[in-house]
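*Asks:* Please see the structure below; I have some questions.
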Amino acid sequence: MIEPPRILLASLPTPLQLLERLSEELGVRIWLKRDDLTDAVATGNKIRKLEYTIGQALAESADVLVTWGGVQSNHCRATAALAARLGLKAHLLLRGSQPDIADGNLLLDQLLGAEVTFMKLPDYQAMDHEFNRLTEHYAARGLKTFRIPVGASDEIGLWGYINCAAELKQDFAAAGISPDAIISATGSGGTFAGLILGNALYELGTEIMAINVCDDEAYFVNKVSEDFSAWRRRYEATLNPTRLPIQVIDGYVGPGYGRATPAIFQTIAKLAQEEGIVLDPVYTGKAFHAMLHEIQAGRLQGMKDIVFIHTGGIFGLFPQKSELLEAI
């Protein structure tokens with residue numbers, strides 16, 4: 001199998017932490033893989049994927065990292081932070097309107113010196129056209145662009161959580177556990193797909209499940225399958241991913257992407273006050289709340305140890321502070 005280029009950017013390994021009080025309450029041991037601790041500013045799961053994505057960009061002598069996301073995109077903020085660290089330029093194409101006052105991730109994007117373009121949905125969806133335009137724009141200034149997909153979720157980015165699976169194997173051995181399931185949020189599919197591949201490659205012997213925070217099960221089954229195929233072709237992998245299960249726990253998107261119900265804010269407050277762990281309303285809070293509901297409804301019956309991937313996102317709390325304060 002071909003080895004991809006990689007640049008070491010994250011603070012690894014991250015800890016595996018048992019939530020003692022919550023576990024006692026539920027009768028199931030809940031462990032957190034603390035990927036919110038991968039960095040201070042580029043914190044979260046995206047940095048693991050960007051180690052490989054930016055590694056490829058540098059291998060291709062790129063000067064400008066061009067990527068897409070929502071106005072409060074964790075991925076775009078991480079890209080901006082890493083570009084600044086490495087002396088590269090980041091150009092962020094953000095879906096939505098410019099707010100009156102920048103907050104959360106957007107505030108950090110601007111502080112980090114990223115070029116930000118706000119886009120209406122039809123223009124945002126015309127990604128090829130916009131990337132080609134920017135490529136010509138920067139080429140005229142002697143700069144080379146590199147395209148990073150939403151969430152760095154493609155065959156390159158999958159390596160971030162393939163590598164995380166190797167780390168998890170060591171975590172499990174140190175803790176003396178054989179988890180029944182590893183659960184994460186999924187919004188662009190890369191973390192989820194990487195964990196599925198890593199589970200097979202490193203023989204973790206557990207179930208990989210994801211709770212979608214947007215779209216639906218069919219979308220993610222298709223997206224992950226496409227990324228598997230591209231990964232196998234590009235890296236000449238002998239593993240056949242078509243035989244690997246893609247388990248999506250659907251039904252918890254609620255009002256939509258980036259929108260949380262009062263119950264989710266209450267779960268965020270509960271975990272903060274009982275365990276000192278801070279989740280976000282877009283990814284981890286929504287997925288963790290869904291996982292608790294699944295446990296309480298008996299749909300994860302018989303499981304003794306569940307690992308939840310804490311993918312970060314703390315800066316996304318601040319633009320929704322009014323809703324959060326109502327839950328405290």
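Chain labels run A, B, ... following the order of the structure tokens; each chain numbers its residues from 1, and ligands are numbered from 1 in the order shown.
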Mind checking DSSP for stretch 149-251 of chain A and telling me the alpha helix (DSSP H) residues as a PyMOL selection string?

*Replies:* chain A and resi 159-175+190-201+217-235

*Asks:* Go ahead and save the residues from that selection, with N, CA and C atoms, as a CSV table (one decimal), in the first residue's frame.

*Replies:*
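This is the output file result_15.csv:
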chain,number,residue,atom,x,y,z
A,159,TRP,N,-6.9,9.2,6.2
A,159,TRP,CA,-5.8,8.7,6.9
A,159,TRP,C,-5.7,9.2,8.3
A,160,GLY,N,-6.3,10.4,8.6
A,160,GLY,CA,-6.3,10.9,9.9
A,160,GLY,C,-6.9,10.0,11.0
A,161,TYR,N,-8.0,9.3,10.6
A,161,TYR,CA,-8.6,8.5,11.6
A,161,TYR,C,-8.3,7.0,11.4
A,162,ILE,N,-7.7,6.7,10.3
A,162,ILE,CA,-7.0,5.4,10.2
A,162,ILE,C,-5.9,5.4,11.2
A,163,ASN,N,-5.1,6.4,11.2
A,163,ASN,CA,-4.0,6.6,12.2
A,163,ASN,C,-4.6,6.6,13.6
A,164,CYS,N,-5.7,7.3,13.8
A,164,CYS,CA,-6.3,7.3,15.2
A,164,CYS,C,-6.7,5.9,15.7
A,165,ALA,N,-7.1,5.1,14.8
A,165,ALA,CA,-7.4,3.7,15.2
A,165,ALA,C,-6.2,3.0,15.8
A,166,ALA,N,-5.0,3.2,15.2
A,166,ALA,CA,-3.8,2.6,15.8
A,166,ALA,C,-3.6,3.1,17.2
A,167,GLU,N,-3.9,4.4,17.4
A,167,GLU,CA,-3.7,5.0,18.7
A,167,GLU,C,-4.8,4.4,19.7
A,168,LEU,N,-6.0,4.2,19.2
A,168,LEU,CA,-7.0,3.7,20.0
A,168,LEU,C,-6.7,2.2,20.5
A,169,LYS,N,-6.0,1.5,19.6
A,169,LYS,CA,-5.7,0.1,20.0
A,169,LYS,C,-4.7,0.1,21.2
A,170,GLN,N,-3.8,1.1,21.2
A,170,GLN,CA,-2.9,1.2,22.4
A,170,GLN,C,-3.7,1.7,23.6
A,171,ASP,N,-4.6,2.6,23.4
A,171,ASP,CA,-5.5,3.1,24.5
A,171,ASP,C,-6.2,1.9,25.1
A,172,PHE,N,-6.8,1.1,24.3
A,172,PHE,CA,-7.6,0.0,24.8
A,172,PHE,C,-6.8,-1.0,25.6
A,173,ALA,N,-5.6,-1.3,25.1
A,173,ALA,CA,-4.7,-2.2,25.8
A,173,ALA,C,-4.3,-1.6,27.2
A,174,ALA,N,-4.0,-0.3,27.2
A,174,ALA,CA,-3.6,0.4,28.5
A,174,ALA,C,-4.7,0.4,29.5
A,175,ALA,N,-6.0,0.6,29.0
A,175,ALA,CA,-7.1,0.6,29.9
A,175,ALA,C,-7.7,-0.8,30.2
A,190,GLY,N,-15.7,12.0,6.8
A,190,GLY,CA,-14.3,11.6,6.8
A,190,GLY,C,-13.8,10.9,8.1
A,191,THR,N,-14.2,11.4,9.2
A,191,THR,CA,-13.8,10.8,10.5
A,191,THR,C,-14.4,9.4,10.6
A,192,PHE,N,-15.7,9.3,10.3
A,192,PHE,CA,-16.4,8.0,10.3
A,192,PHE,C,-15.8,7.0,9.4
A,193,ALA,N,-15.5,7.4,8.1
A,193,ALA,CA,-14.9,6.5,7.2
A,193,ALA,C,-13.5,6.0,7.6
A,194,GLY,N,-12.7,6.9,8.1
A,194,GLY,CA,-11.4,6.6,8.6
A,194,GLY,C,-11.4,5.6,9.7
A,195,LEU,N,-12.4,5.8,10.6
A,195,LEU,CA,-12.5,4.9,11.8
A,195,LEU,C,-12.9,3.5,11.3
A,196,ILE,N,-13.8,3.4,10.3
A,196,ILE,CA,-14.2,2.1,9.8
A,196,ILE,C,-13.0,1.4,9.2
A,197,LEU,N,-12.2,2.1,8.4
A,197,LEU,CA,-11.0,1.5,7.8
A,197,LEU,C,-10.0,1.1,8.9
A,198,GLY,N,-9.8,2.0,9.8
A,198,GLY,CA,-8.8,1.7,10.9
A,198,GLY,C,-9.2,0.6,11.7
A,199,ASN,N,-10.5,0.4,12.0
A,199,ASN,CA,-11.0,-0.7,12.8
A,199,ASN,C,-10.6,-2.0,12.1
A,200,ALA,N,-10.7,-2.1,10.8
A,200,ALA,CA,-10.4,-3.3,10.0
A,200,ALA,C,-8.9,-3.5,9.9
A,201,LEU,N,-8.2,-2.4,9.6
A,201,LEU,CA,-6.7,-2.5,9.4
A,201,LEU,C,-6.0,-2.9,10.7
A,217,GLU,N,-29.1,8.9,6.6
A,217,GLU,CA,-28.3,7.6,6.5
A,217,GLU,C,-27.9,7.3,5.1
A,218,ALA,N,-28.8,7.4,4.1
A,218,ALA,CA,-28.5,7.1,2.7
A,218,ALA,C,-27.4,7.9,2.2
A,219,TYR,N,-27.4,9.2,2.5
A,219,TYR,CA,-26.3,10.1,2.1
A,219,TYR,C,-25.0,9.6,2.6
A,220,PHE,N,-24.9,9.3,3.8
A,220,PHE,CA,-23.6,9.0,4.4
A,220,PHE,C,-23.1,7.6,4.0
A,221,VAL,N,-24.0,6.7,3.8
A,221,VAL,CA,-23.6,5.3,3.2
A,221,VAL,C,-23.0,5.5,1.8
A,222,ASN,N,-23.6,6.4,1.0
A,222,ASN,CA,-23.1,6.7,-0.3
A,222,ASN,C,-21.8,7.4,-0.3
A,223,LYS,N,-21.7,8.5,0.6
A,223,LYS,CA,-20.5,9.3,0.7
A,223,LYS,C,-19.3,8.4,1.2
A,224,VAL,N,-19.5,7.6,2.2
A,224,VAL,CA,-18.4,6.8,2.8
A,224,VAL,C,-18.0,5.8,1.7
A,225,SER,N,-18.9,5.2,1.0
A,225,SER,CA,-18.6,4.2,0.0
A,225,SER,C,-17.8,4.8,-1.1
A,226,GLU,N,-18.1,6.0,-1.5
A,226,GLU,CA,-17.3,6.7,-2.6
A,226,GLU,C,-15.9,7.0,-2.1
A,227,ASP,N,-15.8,7.4,-0.8
A,227,ASP,CA,-14.5,7.7,-0.3
A,227,ASP,C,-13.6,6.4,-0.1
A,228,PHE,N,-14.3,5.3,0.2
A,228,PHE,CA,-13.6,4.0,0.3
A,228,PHE,C,-13.0,3.7,-1.0
A,229,SER,N,-13.8,3.8,-2.1
A,229,SER,CA,-13.3,3.4,-3.4
A,229,SER,C,-12.2,4.3,-3.9
A,230,ALA,N,-12.3,5.6,-3.6
A,230,ALA,CA,-11.2,6.5,-4.0
A,230,ALA,C,-9.9,6.2,-3.2
A,231,TRP,N,-10.1,5.9,-2.0
A,231,TRP,CA,-8.9,5.6,-1.1
A,231,TRP,C,-8.2,4.3,-1.6
A,232,ARG,N,-9.0,3.3,-1.9
A,232,ARG,CA,-8.4,2.0,-2.4
A,232,ARG,C,-7.6,2.2,-3.7
A,233,ARG,N,-8.2,3.0,-4.6
A,233,ARG,CA,-7.6,3.2,-5.9
A,233,ARG,C,-6.3,4.0,-5.7
A,234,ARG,N,-6.4,5.1,-5.0
A,234,ARG,CA,-5.2,6.0,-4.9
A,234,ARG,C,-4.0,5.4,-4.2
A,235,TYR,N,-4.3,4.6,-3.1
A,235,TYR,CA,-3.2,4.1,-2.3
A,235,TYR,C,-3.0,2.6,-2.6

*Asks:* Tell me which protein, DNA and RNA residues are within 9 Å of stretch 252-254 of chain A, counting only C-alpha atoms, leaving out same-chain ones fewer than 2 positions away, and put them as a PyMOL selection string.

*Replies:* chain A and resi 211-216+249-250+256-257+259-261+286-287+289-290

*Asks:* Can those selected residues be exported to a file as a PDB file, in the first residue's frame so that it contains C-alpha atoms?

*Replies:*
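To be explicit, this is the file written out as selection-v3.pdb:
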ATOM      1  CA  ILE A 211     -24.676   9.821  14.393  1.00  0.00           C
ATOM      2  CA  ASN A 212     -25.367  12.144  11.484  1.00  0.00           C
ATOM      3  CA  VAL A 213     -25.801  15.825  12.299  1.00  0.00           C
ATOM      4  CA  CYS A 214     -27.017  16.642   8.798  1.00  0.00           C
ATOM      5  CA  ASP A 215     -28.381  14.839   5.721  1.00  0.00           C
ATOM      6  CA  ASP A 216     -29.497  11.226   6.296  1.00  0.00           C
ATOM      7  CA  ILE A 249     -27.699   6.062  13.672  1.00  0.00           C
ATOM      8  CA  ASP A 250     -30.192   8.313  11.906  1.00  0.00           C
ATOM      9  CA  GLY A 256     -31.201  21.017  10.840  1.00  0.00           C
ATOM     10  CA  TYR A 257     -27.446  21.343  10.598  1.00  0.00           C
ATOM     11  CA  ARG A 259     -29.351  23.939  15.026  1.00  0.00           C
ATOM     12  CA  ALA A 260     -29.843  22.291  18.413  1.00  0.00           C
ATOM     13  CA  THR A 261     -32.943  21.722  20.550  1.00  0.00           C
ATOM     14  CA  LYS A 286     -26.049  16.587  19.270  1.00  0.00           C
ATOM     15  CA  ALA A 287     -24.324  13.210  18.825  1.00  0.00           C
ATOM     16  CA  HIS A 289     -27.311  13.478  23.324  1.00  0.00           C
ATOM     17  CA  ALA A 290     -28.412  10.988  20.662  1.00  0.00           C
TER      18      ALA A 290
END

*Asks:* From the set A:Ala59, A:Leu324, A:Ile295, A:Ile101, which residue has the shortest atom-to-atom contact distance to A:Ala269, counting only C-alpha atoms?

*Replies:* A:Leu324

*Asks:* Taking only stretch 94-247 of chain A into account, list the residues labelled strand (DSSP E or B) by DSSP (computed from the backbone), as a ChimeraX atom specification.

*Replies:* /A:94-95,115-119,145-148,181-186,207-212,247

*Asks:* Could the residues in this selection be saved with N, CA and C atoms as an mmCIF file, in the first residue's frame?

*Replies:*
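Written output follows (result10.cif):
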data_model
loop_
_atom_site.group_PDB
_atom_site.id
_atom_site.type_symbol
_atom_site.label_atom_id
_atom_site.label_comp_id
_atom_site.auth_asym_id
_atom_site.auth_seq_id
_atom_site.Cartn_x
_atom_site.Cartn_y
_atom_site.Cartn_z
ATOM 1 N N LEU A 94 -17.224 30.460 2.706
ATOM 2 C CA LEU A 94 -18.185 30.160 3.760
ATOM 3 C C LEU A 94 -19.619 30.310 3.271
ATOM 4 N N ARG A 95 -20.401 29.276 3.530
ATOM 5 C CA ARG A 95 -21.807 29.235 3.115
ATOM 6 C C ARG A 95 -22.652 30.081 4.062
ATOM 7 N N GLU A 115 -8.302 34.680 4.256
ATOM 8 C CA GLU A 115 -9.166 35.383 3.320
ATOM 9 C C GLU A 115 -10.526 34.702 3.386
ATOM 10 N N VAL A 116 -11.579 35.465 3.608
ATOM 11 C CA VAL A 116 -12.914 34.895 3.776
ATOM 12 C C VAL A 116 -13.845 35.450 2.709
ATOM 13 N N THR A 117 -14.542 34.537 2.011
ATOM 14 C CA THR A 117 -15.564 34.916 1.047
ATOM 15 C C THR A 117 -16.881 34.293 1.480
ATOM 16 N N PHE A 118 -17.903 35.116 1.686
ATOM 17 C CA PHE A 118 -19.230 34.613 2.034
ATOM 18 C C PHE A 118 -19.996 34.348 0.746
ATOM 19 N N MET A 119 -20.708 33.217 0.710
ATOM 20 C CA MET A 119 -21.332 32.796 -0.539
ATOM 21 C C MET A 119 -22.773 32.364 -0.328
ATOM 22 N N THR A 145 -2.616 27.126 -5.802
ATOM 23 C CA THR A 145 -3.686 26.740 -4.882
ATOM 24 C C THR A 145 -3.746 25.228 -4.710
ATOM 25 N N PHE A 146 -4.308 24.826 -3.573
ATOM 26 C CA PHE A 146 -4.590 23.414 -3.307
ATOM 27 C C PHE A 146 -5.997 23.328 -2.759
ATOM 28 N N ARG A 147 -6.793 22.471 -3.358
ATOM 29 C CA ARG A 147 -8.210 22.350 -2.989
ATOM 30 C C ARG A 147 -8.387 21.333 -1.868
ATOM 31 N N ILE A 148 -9.040 21.763 -0.784
ATOM 32 C CA ILE A 148 -9.375 20.880 0.336
ATOM 33 C C ILE A 148 -10.896 20.782 0.397
ATOM 34 N N ALA A 181 -18.402 -0.636 21.128
ATOM 35 C CA ALA A 181 -18.677 0.299 20.035
ATOM 36 C C ALA A 181 -17.831 1.546 20.177
ATOM 37 N N ILE A 182 -17.490 2.132 19.026
ATOM 38 C CA ILE A 182 -16.905 3.465 18.949
ATOM 39 C C ILE A 182 -17.920 4.324 18.204
ATOM 40 N N ILE A 183 -18.307 5.440 18.814
ATOM 41 C CA ILE A 183 -19.355 6.289 18.260
ATOM 42 C C ILE A 183 -18.816 7.700 18.046
ATOM 43 N N SER A 184 -19.158 8.289 16.920
ATOM 44 C CA SER A 184 -18.770 9.673 16.657
ATOM 45 C C SER A 184 -19.905 10.391 15.950
ATOM 46 N N ALA A 185 -19.825 11.713 15.949
ATOM 47 C CA ALA A 185 -20.699 12.504 15.088
ATOM 48 C C ALA A 185 -20.154 12.424 13.670
ATOM 49 N N THR A 186 -21.032 12.613 12.678
ATOM 50 C CA THR A 186 -20.558 12.733 11.306
ATOM 51 C C THR A 186 -21.291 13.857 10.599
ATOM 52 N N GLU A 207 -17.540 -2.316 16.968
ATOM 53 C CA GLU A 207 -18.459 -1.743 15.994
ATOM 54 C C GLU A 207 -18.196 -0.247 15.880
ATOM 55 N N ILE A 208 -18.209 0.253 14.658
ATOM 56 C CA ILE A 208 -18.067 1.688 14.417
ATOM 57 C C ILE A 208 -19.436 2.229 14.035
ATOM 58 N N MET A 209 -19.899 3.224 14.785
ATOM 59 C CA MET A 209 -21.197 3.834 14.522
ATOM 60 C C MET A 209 -21.042 5.349 14.459
ATOM 61 N N ALA A 210 -21.866 5.980 13.653
ATOM 62 C CA ALA A 210 -21.855 7.440 13.574
ATOM 63 C C ALA A 210 -23.267 7.972 13.662
ATOM 64 N N ILE A 211 -23.383 9.122 14.289
ATOM 65 C CA ILE A 211 -24.676 9.821 14.393
ATOM 66 C C ILE A 211 -24.596 11.043 13.491
ATOM 67 N N ASN A 212 -25.425 11.056 12.458
ATOM 68 C CA ASN A 212 -25.367 12.144 11.484
ATOM 69 C C ASN A 212 -26.002 13.413 12.045
ATOM 70 N N GLN A 247 -22.484 1.830 9.591
ATOM 71 C CA GLN A 247 -23.608 1.915 10.525
ATOM 72 C C GLN A 247 -23.867 3.372 10.927
#

*Asks:* Pick out the closest residue to A:Glu51 from this set: A:Leu107, A:Leu292, A:Leu82, A:Leu92. Count only C-alpha atoms.

*Replies:*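 Among the listed residues, the smallest separation from A:Glu51 belongs to A:Leu82.
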
*Asks:* Using only C-alpha atoms, which residue out of A:Thr14, A:Ser23, A:Gln125, A:Ser153 lies closest to A:Leu50?

*Replies:*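 The shortest atom-to-atom distance to A:Leu50 comes from A:Ser153.
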